[in-house]
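Listing of entry-v2.txt, compact mmCIF, C-alpha atoms
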```
# COMPACT_ATOMS: atom_id res chain seq x y z
CA MET A 1 62.42 -8.68 -12.68
CA ILE A 2 63.60 -9.56 -16.19
CA ILE A 3 60.94 -10.82 -18.59
CA ILE A 4 62.20 -12.64 -21.67
CA ALA A 5 59.78 -13.15 -24.54
CA GLU A 6 61.09 -16.33 -26.14
CA ALA A 7 60.58 -16.09 -29.88
CA GLY A 8 62.85 -19.11 -30.32
CA VAL A 9 62.25 -20.55 -33.75
CA ASN A 10 58.57 -19.59 -33.88
CA HIS A 11 59.42 -17.37 -36.84
CA ASN A 12 59.63 -20.64 -38.81
CA GLY A 13 62.73 -19.45 -40.64
CA SER A 14 61.11 -16.24 -41.88
CA PHE A 15 63.06 -13.04 -41.23
CA ASP A 16 59.93 -10.95 -41.77
CA LEU A 17 58.07 -12.99 -39.16
CA ALA A 18 60.99 -12.57 -36.75
CA VAL A 19 60.74 -8.80 -37.19
CA LYS A 20 57.04 -8.91 -36.39
CA MET A 21 57.83 -10.92 -33.27
CA ILE A 22 60.22 -8.21 -32.10
CA GLU A 23 57.42 -5.68 -32.45
CA ALA A 24 54.94 -7.92 -30.61
CA ALA A 25 57.37 -8.54 -27.73
CA ALA A 26 58.06 -4.82 -27.41
CA GLN A 27 54.36 -3.97 -27.43
CA ALA A 28 53.76 -6.59 -24.72
CA GLY A 29 56.27 -4.85 -22.47
CA ALA A 30 58.92 -7.58 -22.31
CA ASP A 31 62.49 -6.62 -21.44
CA TYR A 32 64.06 -8.91 -24.03
CA VAL A 33 63.04 -10.85 -27.08
CA LYS A 34 65.12 -13.99 -27.47
CA PHE A 35 65.81 -16.10 -30.52
CA GLN A 36 67.69 -19.37 -31.04
CA THR A 37 70.84 -19.34 -33.13
CA ALA A 38 72.17 -22.54 -34.65
CA VAL A 39 73.86 -24.14 -37.59
CA PRO A 40 71.63 -27.23 -37.60
CA GLU A 41 74.27 -29.52 -39.11
CA LEU A 42 76.60 -28.65 -36.21
CA VAL A 43 73.94 -29.34 -33.59
CA ILE A 44 72.00 -32.39 -34.81
CA SER A 45 73.24 -35.59 -36.37
CA SER A 46 71.42 -37.24 -39.23
CA ILE A 47 70.35 -40.07 -36.92
CA ALA A 48 68.96 -37.89 -34.08
CA PRO A 49 65.28 -38.69 -33.47
CA LYS A 50 62.59 -36.12 -32.85
CA ALA A 51 61.10 -35.67 -29.41
CA GLU A 52 57.59 -37.04 -29.05
CA TYR A 53 56.10 -33.54 -28.82
CA GLN A 54 57.92 -32.65 -32.05
CA LYS A 55 56.45 -35.69 -33.77
CA GLU A 56 53.00 -34.63 -32.58
CA THR A 57 53.38 -31.07 -33.87
CA THR A 58 55.43 -31.58 -37.04
CA GLY A 59 54.94 -35.23 -37.98
CA ALA A 60 57.23 -38.24 -37.76
CA GLU A 61 58.28 -38.41 -41.40
CA GLN A 62 60.75 -35.50 -41.31
CA SER A 63 63.95 -35.98 -39.28
CA GLN A 64 64.90 -33.63 -36.45
CA LEU A 65 67.74 -32.26 -38.59
CA GLU A 66 65.44 -31.59 -41.54
CA MET A 67 62.90 -29.92 -39.28
CA CYS A 68 65.52 -27.61 -37.73
CA LYS A 69 67.06 -26.70 -41.08
CA ALA A 70 63.64 -25.54 -42.21
CA ILE A 71 62.97 -23.26 -39.23
CA HIS A 72 66.35 -21.68 -38.45
CA LEU A 73 67.55 -18.36 -39.77
CA PRO A 74 71.04 -17.99 -41.29
CA LEU A 75 73.69 -16.58 -38.94
CA SER A 76 73.88 -13.43 -41.03
CA ASP A 77 70.36 -12.43 -39.98
CA TYR A 78 71.04 -12.03 -36.26
CA ALA A 79 73.01 -8.79 -36.49
CA ARG A 80 70.06 -7.22 -38.30
CA LEU A 81 67.63 -8.53 -35.69
CA ALA A 82 69.81 -7.14 -32.89
CA GLU A 83 69.83 -3.72 -34.56
CA LEU A 84 66.06 -3.78 -35.00
CA CYS A 85 65.69 -4.57 -31.30
CA ARG A 86 67.84 -1.56 -30.43
CA GLN A 87 65.75 0.65 -32.66
CA ARG A 88 62.55 -0.63 -31.05
CA GLY A 89 63.87 -0.24 -27.50
CA ILE A 90 63.80 -3.89 -26.47
CA GLY A 91 66.79 -6.00 -25.50
CA PHE A 92 68.09 -8.60 -27.94
CA MET A 93 69.10 -12.08 -26.86
CA SER A 94 69.66 -15.33 -28.67
CA THR A 95 70.61 -18.77 -27.45
CA PRO A 96 73.56 -20.33 -29.30
CA PHE A 97 73.40 -24.07 -29.85
CA ASP A 98 76.90 -24.64 -31.27
CA LEU A 99 80.38 -23.13 -31.11
CA GLU A 100 80.08 -21.31 -34.43
CA SER A 101 76.87 -19.66 -33.25
CA ILE A 102 78.67 -18.49 -30.10
CA ASP A 103 81.20 -16.72 -32.32
CA CYS A 104 78.39 -15.14 -34.32
CA LEU A 105 76.58 -13.80 -31.26
CA ALA A 106 79.78 -12.64 -29.56
CA ALA A 107 79.91 -9.72 -31.97
CA LEU A 108 76.42 -8.52 -31.02
CA ASP A 109 77.13 -7.23 -27.50
CA MET A 110 74.29 -9.08 -25.74
CA ASP A 111 73.59 -8.26 -22.09
CA TYR A 112 73.38 -11.97 -21.24
CA TRP A 113 74.43 -15.28 -22.70
CA LYS A 114 71.56 -17.75 -22.58
CA ILE A 115 72.52 -21.39 -22.11
CA PRO A 116 69.68 -23.80 -22.92
CA SER A 117 68.91 -26.89 -20.89
CA GLY A 118 70.19 -29.22 -23.58
CA GLU A 119 73.72 -27.81 -23.42
CA ILE A 120 74.16 -28.15 -19.66
CA THR A 121 76.29 -31.28 -20.18
CA ASN A 122 78.23 -29.91 -23.19
CA LEU A 123 81.69 -29.30 -21.76
CA PRO A 124 83.34 -27.61 -24.78
CA TYR A 125 80.31 -25.34 -25.15
CA LEU A 126 80.28 -24.38 -21.47
CA ARG A 127 83.99 -23.66 -21.50
CA LYS A 128 83.69 -21.40 -24.53
CA ILE A 129 80.92 -19.29 -23.01
CA GLY A 130 82.50 -19.38 -19.56
CA ALA A 131 85.80 -18.08 -20.93
CA ARG A 132 84.08 -14.85 -21.91
CA GLY A 133 83.46 -13.97 -18.26
CA GLU A 134 80.19 -12.25 -19.10
CA ARG A 135 76.73 -12.54 -17.58
CA VAL A 136 74.98 -15.87 -18.13
CA ILE A 137 71.41 -17.10 -17.76
CA MET A 138 71.31 -20.90 -17.75
CA SER A 139 68.19 -23.06 -18.00
CA THR A 140 68.30 -26.28 -16.01
CA GLY A 141 65.63 -28.53 -17.51
CA MET A 142 66.24 -32.31 -17.53
CA SER A 143 69.00 -31.80 -14.94
CA THR A 144 69.72 -32.93 -11.41
CA LEU A 145 71.11 -30.46 -8.91
CA ASP A 146 74.49 -32.18 -9.17
CA GLU A 147 74.53 -31.71 -12.94
CA VAL A 148 73.65 -28.05 -12.57
CA GLU A 149 76.40 -27.57 -10.02
CA GLU A 150 78.90 -29.29 -12.31
CA ALA A 151 77.96 -26.95 -15.17
CA VAL A 152 78.25 -23.93 -12.86
CA ASN A 153 81.69 -25.14 -11.80
CA VAL A 154 82.79 -25.40 -15.43
CA LEU A 155 81.63 -21.85 -16.14
CA GLU A 156 83.36 -20.62 -13.01
CA LYS A 157 86.66 -22.38 -13.72
CA SER A 158 86.53 -21.08 -17.29
CA GLY A 159 86.29 -17.47 -16.17
CA THR A 160 82.66 -16.64 -15.31
CA PRO A 161 82.14 -16.01 -11.57
CA ARG A 162 78.99 -17.28 -9.87
CA LYS A 163 77.91 -13.70 -9.27
CA ASN A 164 77.44 -13.47 -13.06
CA ILE A 165 75.25 -16.57 -13.36
CA ILE A 166 71.45 -16.73 -13.10
CA LEU A 167 69.89 -20.19 -12.97
CA LEU A 168 66.44 -20.83 -14.40
CA HIS A 169 64.38 -23.73 -13.16
CA CYS A 170 62.74 -25.40 -16.14
CA THR A 171 60.89 -28.56 -17.16
CA THR A 172 61.74 -29.56 -20.71
CA GLN A 173 58.40 -30.78 -22.00
CA TYR A 174 56.17 -28.89 -24.43
CA PRO A 175 53.67 -28.24 -22.97
CA THR A 176 54.68 -29.10 -19.40
CA PRO A 177 52.01 -30.81 -17.26
CA TYR A 178 51.32 -28.75 -14.14
CA ALA A 179 52.18 -31.71 -11.93
CA ASP A 180 55.73 -31.73 -13.37
CA VAL A 181 56.49 -28.02 -12.89
CA ASN A 182 57.93 -28.28 -9.35
CA LEU A 183 58.38 -24.55 -8.79
CA ARG A 184 59.84 -25.16 -5.34
CA ALA A 185 62.97 -26.47 -7.07
CA MET A 186 63.98 -22.82 -7.41
CA LYS A 187 64.82 -23.00 -3.69
CA ALA A 188 67.19 -25.90 -4.37
CA LEU A 189 68.94 -23.89 -7.09
CA GLU A 190 69.48 -21.04 -4.65
CA LYS A 191 71.80 -23.31 -2.65
CA LEU A 192 74.39 -23.17 -5.45
CA GLY A 193 75.24 -19.58 -4.57
CA CYS A 194 74.76 -18.00 -7.97
CA ALA A 195 73.53 -14.44 -8.55
CA ALA A 196 69.82 -15.29 -8.65
CA VAL A 197 67.25 -17.85 -9.75
CA GLY A 198 64.37 -17.60 -12.19
CA TYR A 199 61.99 -19.71 -14.19
CA SER A 200 61.64 -20.72 -17.83
CA ASP A 201 58.08 -21.83 -18.49
CA HIS A 202 56.65 -24.36 -20.93
CA THR A 203 53.16 -24.76 -19.47
CA CYS A 204 50.04 -23.55 -21.20
CA GLY A 205 48.74 -20.23 -19.94
CA ILE A 206 50.25 -17.63 -17.65
CA GLU A 207 49.44 -18.87 -14.13
CA VAL A 208 52.71 -20.70 -13.48
CA PRO A 209 55.12 -17.90 -14.47
CA VAL A 210 53.07 -15.50 -12.35
CA ALA A 211 53.36 -17.95 -9.44
CA ALA A 212 57.11 -18.22 -10.06
CA ALA A 213 57.37 -14.44 -9.79
CA ALA A 214 55.54 -14.59 -6.47
CA LEU A 215 58.01 -17.23 -5.24
CA GLY A 216 60.96 -14.97 -5.95
CA ALA A 217 62.00 -15.62 -9.56
CA THR A 218 64.10 -12.72 -10.84
CA VAL A 219 63.85 -13.83 -14.48
CA ILE A 220 60.76 -15.13 -16.27
CA GLU A 221 61.13 -16.64 -19.73
CA LYS A 222 58.14 -17.68 -21.81
CA HIS A 223 57.67 -18.81 -25.41
CA PHE A 224 55.34 -16.77 -27.57
CA THR A 225 54.08 -16.92 -31.13
CA LEU A 226 52.16 -14.69 -33.46
CA ASP A 227 49.79 -17.54 -34.27
CA LYS A 228 49.41 -20.83 -32.39
CA SER A 229 48.09 -22.53 -35.53
CA LEU A 230 51.37 -22.05 -37.44
CA PRO A 231 53.33 -25.21 -38.26
CA GLY A 232 56.35 -25.88 -36.08
CA PRO A 233 57.35 -27.64 -32.86
CA ASP A 234 56.84 -24.88 -30.26
CA HIS A 235 53.74 -22.92 -31.26
CA ARG A 236 51.35 -25.11 -29.29
CA ALA A 237 53.10 -24.40 -25.98
CA SER A 238 53.47 -20.67 -26.67
CA LEU A 239 51.46 -17.59 -25.77
CA ASP A 240 49.86 -15.42 -28.40
CA PRO A 241 50.67 -11.67 -28.25
CA ASP A 242 47.63 -10.81 -26.12
CA GLU A 243 48.47 -13.56 -23.65
CA LEU A 244 52.08 -12.42 -23.54
CA ALA A 245 50.97 -8.89 -22.71
CA ALA A 246 48.69 -10.26 -19.98
CA MET A 247 51.55 -12.27 -18.50
CA VAL A 248 53.90 -9.29 -18.52
CA SER A 249 51.27 -7.15 -16.82
CA ALA A 250 50.56 -9.82 -14.18
CA VAL A 251 54.24 -10.39 -13.44
CA ARG A 252 54.81 -6.63 -13.11
CA HIS A 253 51.92 -6.45 -10.66
CA ILE A 254 53.38 -9.30 -8.62
CA GLU A 255 56.77 -7.63 -8.70
CA GLN A 256 55.23 -4.52 -7.16
CA ALA A 257 53.18 -6.54 -4.70
CA LEU A 258 56.18 -8.42 -3.29
CA GLY A 259 57.44 -5.24 -1.63
CA SER A 260 60.35 -4.91 0.78
CA GLY A 261 59.45 -7.72 3.15
CA ASP A 262 59.29 -5.36 6.13
CA LYS A 263 55.98 -5.37 8.01
CA ILE A 264 55.02 -1.70 7.95
CA VAL A 265 51.90 0.42 7.60
CA ALA A 266 51.40 1.35 3.95
CA GLU A 267 50.67 5.01 3.38
CA THR A 268 47.56 4.09 1.41
CA GLU A 269 46.08 2.22 4.38
CA ARG A 270 47.00 4.74 7.05
CA PRO A 271 43.75 6.78 6.69
CA ASN A 272 41.76 3.61 7.38
CA ILE A 273 43.24 3.10 10.85
CA GLU A 274 40.74 5.47 12.42
CA VAL A 275 37.89 3.93 10.41
CA ALA A 276 38.62 0.24 11.06
CA ARG A 277 40.10 0.21 14.54
CA LYS A 278 38.19 0.80 17.76
CA SER A 279 38.37 3.01 20.84
CA ILE A 280 37.07 2.79 24.40
CA VAL A 281 33.62 4.43 24.54
CA ALA A 282 30.83 4.83 27.07
CA ALA A 283 28.49 1.84 27.15
CA ARG A 284 25.89 4.10 28.81
CA ASP A 285 25.76 7.58 30.27
CA ILE A 286 28.51 7.98 32.86
CA ALA A 287 28.46 10.59 35.61
CA GLN A 288 31.48 12.66 36.60
CA GLY A 289 33.42 10.84 39.32
CA GLU A 290 31.94 7.45 38.44
CA VAL A 291 34.46 4.60 38.30
CA PHE A 292 35.03 3.02 34.88
CA THR A 293 34.00 -0.64 34.94
CA GLU A 294 33.42 -3.40 32.43
CA GLU A 295 29.73 -2.57 32.67
CA ASN A 296 29.88 1.13 31.79
CA ILE A 297 32.55 1.15 29.06
CA THR A 298 32.92 -0.87 25.88
CA VAL A 299 34.87 -0.92 22.59
CA LYS A 300 33.56 0.52 19.31
CA ARG A 301 34.69 2.30 16.18
CA PRO A 302 36.18 4.81 15.37
CA GLY A 303 39.79 4.35 16.39
CA SER A 304 40.46 8.01 17.15
CA GLY A 305 40.24 7.68 20.95
CA ILE A 306 41.95 5.58 23.60
CA SER A 307 43.07 2.24 22.22
CA PRO A 308 41.38 -0.88 23.62
CA MET A 309 44.92 -2.10 24.35
CA SER A 310 44.78 0.36 27.29
CA TRP A 311 41.62 -1.27 28.65
CA ASP A 312 43.25 -2.52 31.88
CA SER A 313 44.65 0.92 32.71
CA VAL A 314 41.27 2.60 32.18
CA ILE A 315 39.28 0.18 34.33
CA GLY A 316 39.14 1.47 37.92
CA GLN A 317 39.81 5.12 37.09
CA LYS A 318 37.25 7.80 37.88
CA ALA A 319 35.55 9.80 35.14
CA LYS A 320 36.91 13.37 35.20
CA ARG A 321 33.71 14.54 33.55
CA ALA A 322 30.37 13.17 32.45
CA PHE A 323 30.23 11.03 29.30
CA ALA A 324 27.16 10.40 27.15
CA TYR A 325 26.39 7.00 25.59
CA ASP A 326 28.86 6.11 22.76
CA GLN A 327 31.10 9.10 23.59
CA LEU A 328 34.86 8.49 23.40
CA ILE A 329 36.31 8.03 26.87
CA GLU A 330 39.05 10.39 28.01
CA ILE A 331 41.25 9.97 31.09
```
For the structure just supplied, provide its representation as structure tokens.
Amino acid sequence: MIIIAEAGVNHNGSFDLAVKMIEAAAQAGADYVKFQTAVPELVISSIAPKAEYQKETTGAEQSQLEMCKAIHLPLSDYARLAELCRQRGIGFMSTPFDLESIDCLAALDMDYWKIPSGEITNLPYLRKIGARGERVIMSTGMSTLDEVEEAVNVLEKSGTPRKNIILLHCTTQYPTPYADVNLRAMKALEKLGCAAVGYSDHTCGIEVPVAAAALGATVIEKHFTLDKSLPGPDHRASLDPDELAAMVSAVRHIEQALGSGDKIVAETERPNIEVARKSIVAARDIAQGEVFTEENITVKRPGSGISPMSWDSVIGQKAKRAFAYDQLIEI
């Protein structure tokens, strides 16, 4: 299970805050901390409107472009962030939002390329990442299954095999109403034959990503922030560091609990077999030579004697010795 702590742009354009987020993600036990890399002028036109949730969190007066220019780090900062992640022992990832940002991140030797939901219909972008032939994690918010398959086909034709692609189910709303999560859509994504499926979460709280882990997600991505009261578009739908740590712990527990899928006796429960199961015992005192009947034998704990599953073979046999009340029957 890969857990990605999505810092995104919750550093609000502050390098020092981004460094603190690396530390918080590492302390929480995440596998990766992920940022968002963009040259805003290459991503957003001057006429692009804000999303409604962005208007609610950052106001309607400022344009989407102005908002993003204020909260993005310069490209030159990402190499330093990647090095700090290596020093702290947590994986570095960042999502590129334009072709220049892809070039910037290509020099940083990331384990995975992260494609955001908004770029799933961006053909030149998909071709550029696909041509690298490296491992890809692609979010699929706002997309139909046909659109996801088309994007996968582009990556594949460009040089990235399906075995290198992980698809994340996602609902692109911040925060996402529970009724719109549709976790079972992960099963639909499995039909596309990629390496694995996972889940990128925008709900409040940790219940849904934990449920996604239980349903078989191999990657969990979740936004976090150092302070939910900070200005910016994504803080409201993010976890604070304590919540992030709780989510990581819960997902790790679920990962352990899923097991192999084989129905076997766990070693920890084996000692309880004798305690919880039952044996055939004397329902009253039984004399030697007396025939065992449904009146003189019964079933009680412990399970250290003859199993009740042998009941039919015991009935009708003669007692080889005398048995006292509640004594385990022997044949």
Point (56.7, -28.9, -11.6), cut-off 12 Å, counting all atoms listed in the file, residues as a PyMOL selection string: chain A and resi 141-142+169-173+175-186+199-203+208-209+211-212
Closest atom pairs, residues of region 77-137 of chain A within 8 Å of region 5-27 of chain A, all atoms listed in the file, as CSV:
```
residue,atom,partner,partner_atom,distance
A:Asp77,CA,A:Phe15,CA,7.4
A:Leu81,CA,A:Val19,CA,7.1
A:Leu84,CA,A:Val19,CA,7.6
A:Cys85,CA,A:Ile22,CA,6.6
A:Arg88,CA,A:Ala26,CA,7.1
A:Gly89,CA,A:Ala26,CA,7.4
A:Ile90,CA,A:Ala26,CA,5.9
A:Ser94,CA,A:Gly8,CA,8.0
```
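Considering only C-alpha atoms, the residue among A:Phe224, A:Gly289, A:Leu168, A:Ile2 positioned nearest to Gly198 (chain A) is A:Leu168.
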Close residues, region 326-330 of chain A itself excluded, 10 Å, all atoms listed in the file, min 3 positions apart in chain, as JSON, numbers by chain: {"A": [279, 280, 281, 282, 283, 284, 285, 286, 292, 297, 298, 299, 300, 301, 302, 303, 304, 305, 306, 314, 319, 320, 321, 322, 323]}
Spatial neighbours of Glu66 (chain A), 10 Å, all atoms listed in the file, chain gap at least 5 places, as an MDAnalysis selection string: chainID A and resid 40:41 44 46 61 71
Of the listed residues A:Ala195, A:Leu189, A:Leu239, A:Ala257, that which approaches Glu207 (chain A) most closely, counting only C-alpha atoms: A:Leu239
Best match for closeness to Ala38 (chain A) among A:Thr95, A:Thr58, A:Ser117, A:Thr140, counting only C-alpha atoms: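 Nearest to Ala38 (chain A): A:Thr95.
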Nearby residues, (54.3, -7.0, -17.5) file frame, 12 Å, only C-alpha atoms, as a ChimeraX atom specification: /A:1-5,25-32,206,209-210,213,220,242-256
Interatomic distance, CA of Ala79 (chain A) to CA of Arg135 (chain A) (Å, one decimal):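 The value is 19.6 Å.
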Straight-line distance linking CA of Ile115 (chain A) with CA of Phe97 (chain A), stated in Å to one decimal: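 Interatomic distance, CA of Ile115 (chain A) to CA of Phe97 (chain A): 8.2 Å.
Closest approach to Pro124 (chain A) among A:Ile166, A:Ile315, A:Ala151, A:Leu105 is made by A:Ala151 (distances from all atoms listed in the file).
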Excluding Ser101 (chain A) and its own-chain neighbours fewer than 2 positions away, which residues fall within 8 Å of it when counting all atoms listed in the file? Please give them as a PDB file with C-alpha atoms, keeping the file's coordinate frame.
```pdb
ATOM      1  CA  THR A  37      70.840 -19.340 -33.130  1.00  0.00           C
ATOM      2  CA  ALA A  38      72.170 -22.540 -34.650  1.00  0.00           C
ATOM      3  CA  VAL A  39      73.860 -24.140 -37.590  1.00  0.00           C
ATOM      4  CA  LEU A  75      73.690 -16.580 -38.940  1.00  0.00           C
ATOM      5  CA  PRO A  96      73.560 -20.330 -29.300  1.00  0.00           C
ATOM      6  CA  PHE A  97      73.400 -24.070 -29.850  1.00  0.00           C
ATOM      7  CA  ASP A  98      76.900 -24.640 -31.270  1.00  0.00           C
ATOM      8  CA  LEU A  99      80.380 -23.130 -31.110  1.00  0.00           C
ATOM      9  CA  ASP A 103      81.200 -16.720 -32.320  1.00  0.00           C
ATOM     10  CA  CYS A 104      78.390 -15.140 -34.320  1.00  0.00           C
ATOM     11  CA  LEU A 105      76.580 -13.800 -31.260  1.00  0.00           C
TER      12      LEU A 105
END
```
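You can rank A:Asn272, A:Glu294, A:Ser143, A:Tyr174 by their closest distance to Pro233 (chain A) using only C-alpha atoms, and at the top of that list sits A:Tyr174.
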Point-to-point distance from CA of Gln288 (chain A) to CA of Ile331 (chain A), Å rounded to tenths: 11.5 Å
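If you measure from each of A:Pro308, A:Gly261, A:Pro231, A:Pro161 to Lys55 (chain A) using only C-alpha atoms, the closest one turns out to be A:Pro231.
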Please, what is the axis-aligned box for every listed atom of region 290-304 of chain A with 4 Å on each side, as centre and edge lengths in Å to one decimal, as JSON?
```
{"center_x": 35.1, "center_y": 2.3, "center_z": 26.9, "size_x": 18.7, "size_y": 19.4, "size_z": 31.1}
```
I need region 123-131 of chain A written out with all heavy atoms, as a PDB file, in the first residue's frame; please produce it.
```pdb
ATOM      1  N   LEU A 123      -3.890  15.877 -24.551  1.00  0.00           N
ATOM      2  CA  LEU A 123      -3.126  14.957 -25.401  1.00  0.00           C
ATOM      3  C   LEU A 123      -1.632  15.252 -25.443  1.00  0.00           C
ATOM      4  O   LEU A 123      -0.819  14.331 -25.236  1.00  0.00           O
ATOM      5  CB  LEU A 123      -3.723  14.943 -26.819  1.00  0.00           C
ATOM      6  CG  LEU A 123      -3.090  13.958 -27.807  1.00  0.00           C
ATOM      7  CD1 LEU A 123      -3.206  12.525 -27.311  1.00  0.00           C
ATOM      8  CD2 LEU A 123      -3.761  14.108 -29.189  1.00  0.00           C
ATOM      9  N   PRO A 124      -1.200  16.507 -25.704  1.00  0.00           N
ATOM     10  CA  PRO A 124       0.255  16.748 -25.727  1.00  0.00           C
ATOM     11  C   PRO A 124       0.923  16.415 -24.394  1.00  0.00           C
ATOM     12  O   PRO A 124       2.045  15.877 -24.368  1.00  0.00           O
ATOM     13  CB  PRO A 124       0.357  18.252 -26.042  1.00  0.00           C
ATOM     14  CG  PRO A 124      -0.935  18.593 -26.700  1.00  0.00           C
ATOM     15  CD  PRO A 124      -1.964  17.716 -26.050  1.00  0.00           C
ATOM     16  N   TYR A 125       0.257  16.706 -23.317  1.00  0.00           N
ATOM     17  CA  TYR A 125       0.772  16.423 -21.973  1.00  0.00           C
ATOM     18  C   TYR A 125       0.916  14.920 -21.772  1.00  0.00           C
ATOM     19  O   TYR A 125       1.957  14.423 -21.321  1.00  0.00           O
ATOM     20  CB  TYR A 125      -0.191  17.042 -20.962  1.00  0.00           C
ATOM     21  CG  TYR A 125       0.071  16.756 -19.505  1.00  0.00           C
ATOM     22  CD1 TYR A 125       0.693  17.700 -18.691  1.00  0.00           C
ATOM     23  CD2 TYR A 125      -0.337  15.553 -18.918  1.00  0.00           C
ATOM     24  CE1 TYR A 125       0.906  17.452 -17.341  1.00  0.00           C
ATOM     25  CE2 TYR A 125      -0.126  15.303 -17.578  1.00  0.00           C
ATOM     26  CZ  TYR A 125       0.506  16.255 -16.795  1.00  0.00           C
ATOM     27  OH  TYR A 125       0.710  15.996 -15.464  1.00  0.00           O
ATOM     28  N   LEU A 126      -0.134  14.167 -22.099  1.00  0.00           N
ATOM     29  CA  LEU A 126      -0.098  12.717 -21.926  1.00  0.00           C
ATOM     30  C   LEU A 126       0.996  12.094 -22.776  1.00  0.00           C
ATOM     31  O   LEU A 126       1.694  11.169 -22.342  1.00  0.00           O
ATOM     32  CB  LEU A 126      -1.456  12.107 -22.280  1.00  0.00           C
ATOM     33  CG  LEU A 126      -2.635  12.470 -21.368  1.00  0.00           C
ATOM     34  CD1 LEU A 126      -3.938  11.945 -21.955  1.00  0.00           C
ATOM     35  CD2 LEU A 126      -2.433  11.930 -19.950  1.00  0.00           C
ATOM     36  N   ARG A 127       1.143  12.569 -23.986  1.00  0.00           N
ATOM     37  CA  ARG A 127       2.187  12.027 -24.860  1.00  0.00           C
ATOM     38  C   ARG A 127       3.582  12.277 -24.299  1.00  0.00           C
ATOM     39  O   ARG A 127       4.456  11.404 -24.374  1.00  0.00           O
ATOM     40  CB  ARG A 127       2.070  12.647 -26.251  1.00  0.00           C
ATOM     41  CG  ARG A 127       0.943  12.061 -27.088  1.00  0.00           C
ATOM     42  CD  ARG A 127       0.802  12.792 -28.405  1.00  0.00           C
ATOM     43  NE  ARG A 127      -0.138  12.100 -29.292  1.00  0.00           N
ATOM     44  CZ  ARG A 127      -0.674  12.653 -30.381  1.00  0.00           C
ATOM     45  NH1 ARG A 127      -0.367  13.911 -30.713  1.00  0.00           N
ATOM     46  NH2 ARG A 127      -1.506  11.971 -31.129  1.00  0.00           N
ATOM     47  N   LYS A 128       3.784  13.453 -23.723  1.00  0.00           N
ATOM     48  CA  LYS A 128       5.118  13.782 -23.203  1.00  0.00           C
ATOM     49  C   LYS A 128       5.472  12.898 -22.009  1.00  0.00           C
ATOM     50  O   LYS A 128       6.605  12.396 -21.914  1.00  0.00           O
ATOM     51  CB  LYS A 128       5.180  15.261 -22.810  1.00  0.00           C
ATOM     52  CG  LYS A 128       6.582  15.723 -22.423  1.00  0.00           C
ATOM     53  CD  LYS A 128       6.670  17.231 -22.307  1.00  0.00           C
ATOM     54  CE  LYS A 128       8.077  17.658 -21.914  1.00  0.00           C
ATOM     55  NZ  LYS A 128       8.804  18.342 -22.967  1.00  0.00           N
ATOM     56  N   ILE A 129       4.533  12.700 -21.114  1.00  0.00           N
ATOM     57  CA  ILE A 129       4.804  11.811 -19.973  1.00  0.00           C
ATOM     58  C   ILE A 129       4.878  10.362 -20.439  1.00  0.00           C
ATOM     59  O   ILE A 129       5.767   9.604 -20.030  1.00  0.00           O
ATOM     60  CB  ILE A 129       3.739  11.989 -18.879  1.00  0.00           C
ATOM     61  CG1 ILE A 129       3.932  13.341 -18.186  1.00  0.00           C
ATOM     62  CG2 ILE A 129       3.812  10.850 -17.856  1.00  0.00           C
ATOM     63  CD1 ILE A 129       2.985  13.614 -17.041  1.00  0.00           C
ATOM     64  N   GLY A 130       3.976   9.966 -21.313  1.00  0.00           N
ATOM     65  CA  GLY A 130       3.973   8.590 -21.803  1.00  0.00           C
ATOM     66  C   GLY A 130       5.252   8.222 -22.506  1.00  0.00           C
ATOM     67  O   GLY A 130       5.716   7.071 -22.413  1.00  0.00           O
ATOM     68  N   ALA A 131       5.861   9.167 -23.207  1.00  0.00           N
ATOM     69  CA  ALA A 131       7.095   8.895 -23.948  1.00  0.00           C
ATOM     70  C   ALA A 131       8.257   8.547 -23.028  1.00  0.00           C
ATOM     71  O   ALA A 131       9.246   7.954 -23.474  1.00  0.00           O
ATOM     72  CB  ALA A 131       7.455  10.105 -24.818  1.00  0.00           C
TER      73      ALA A 131
END
```
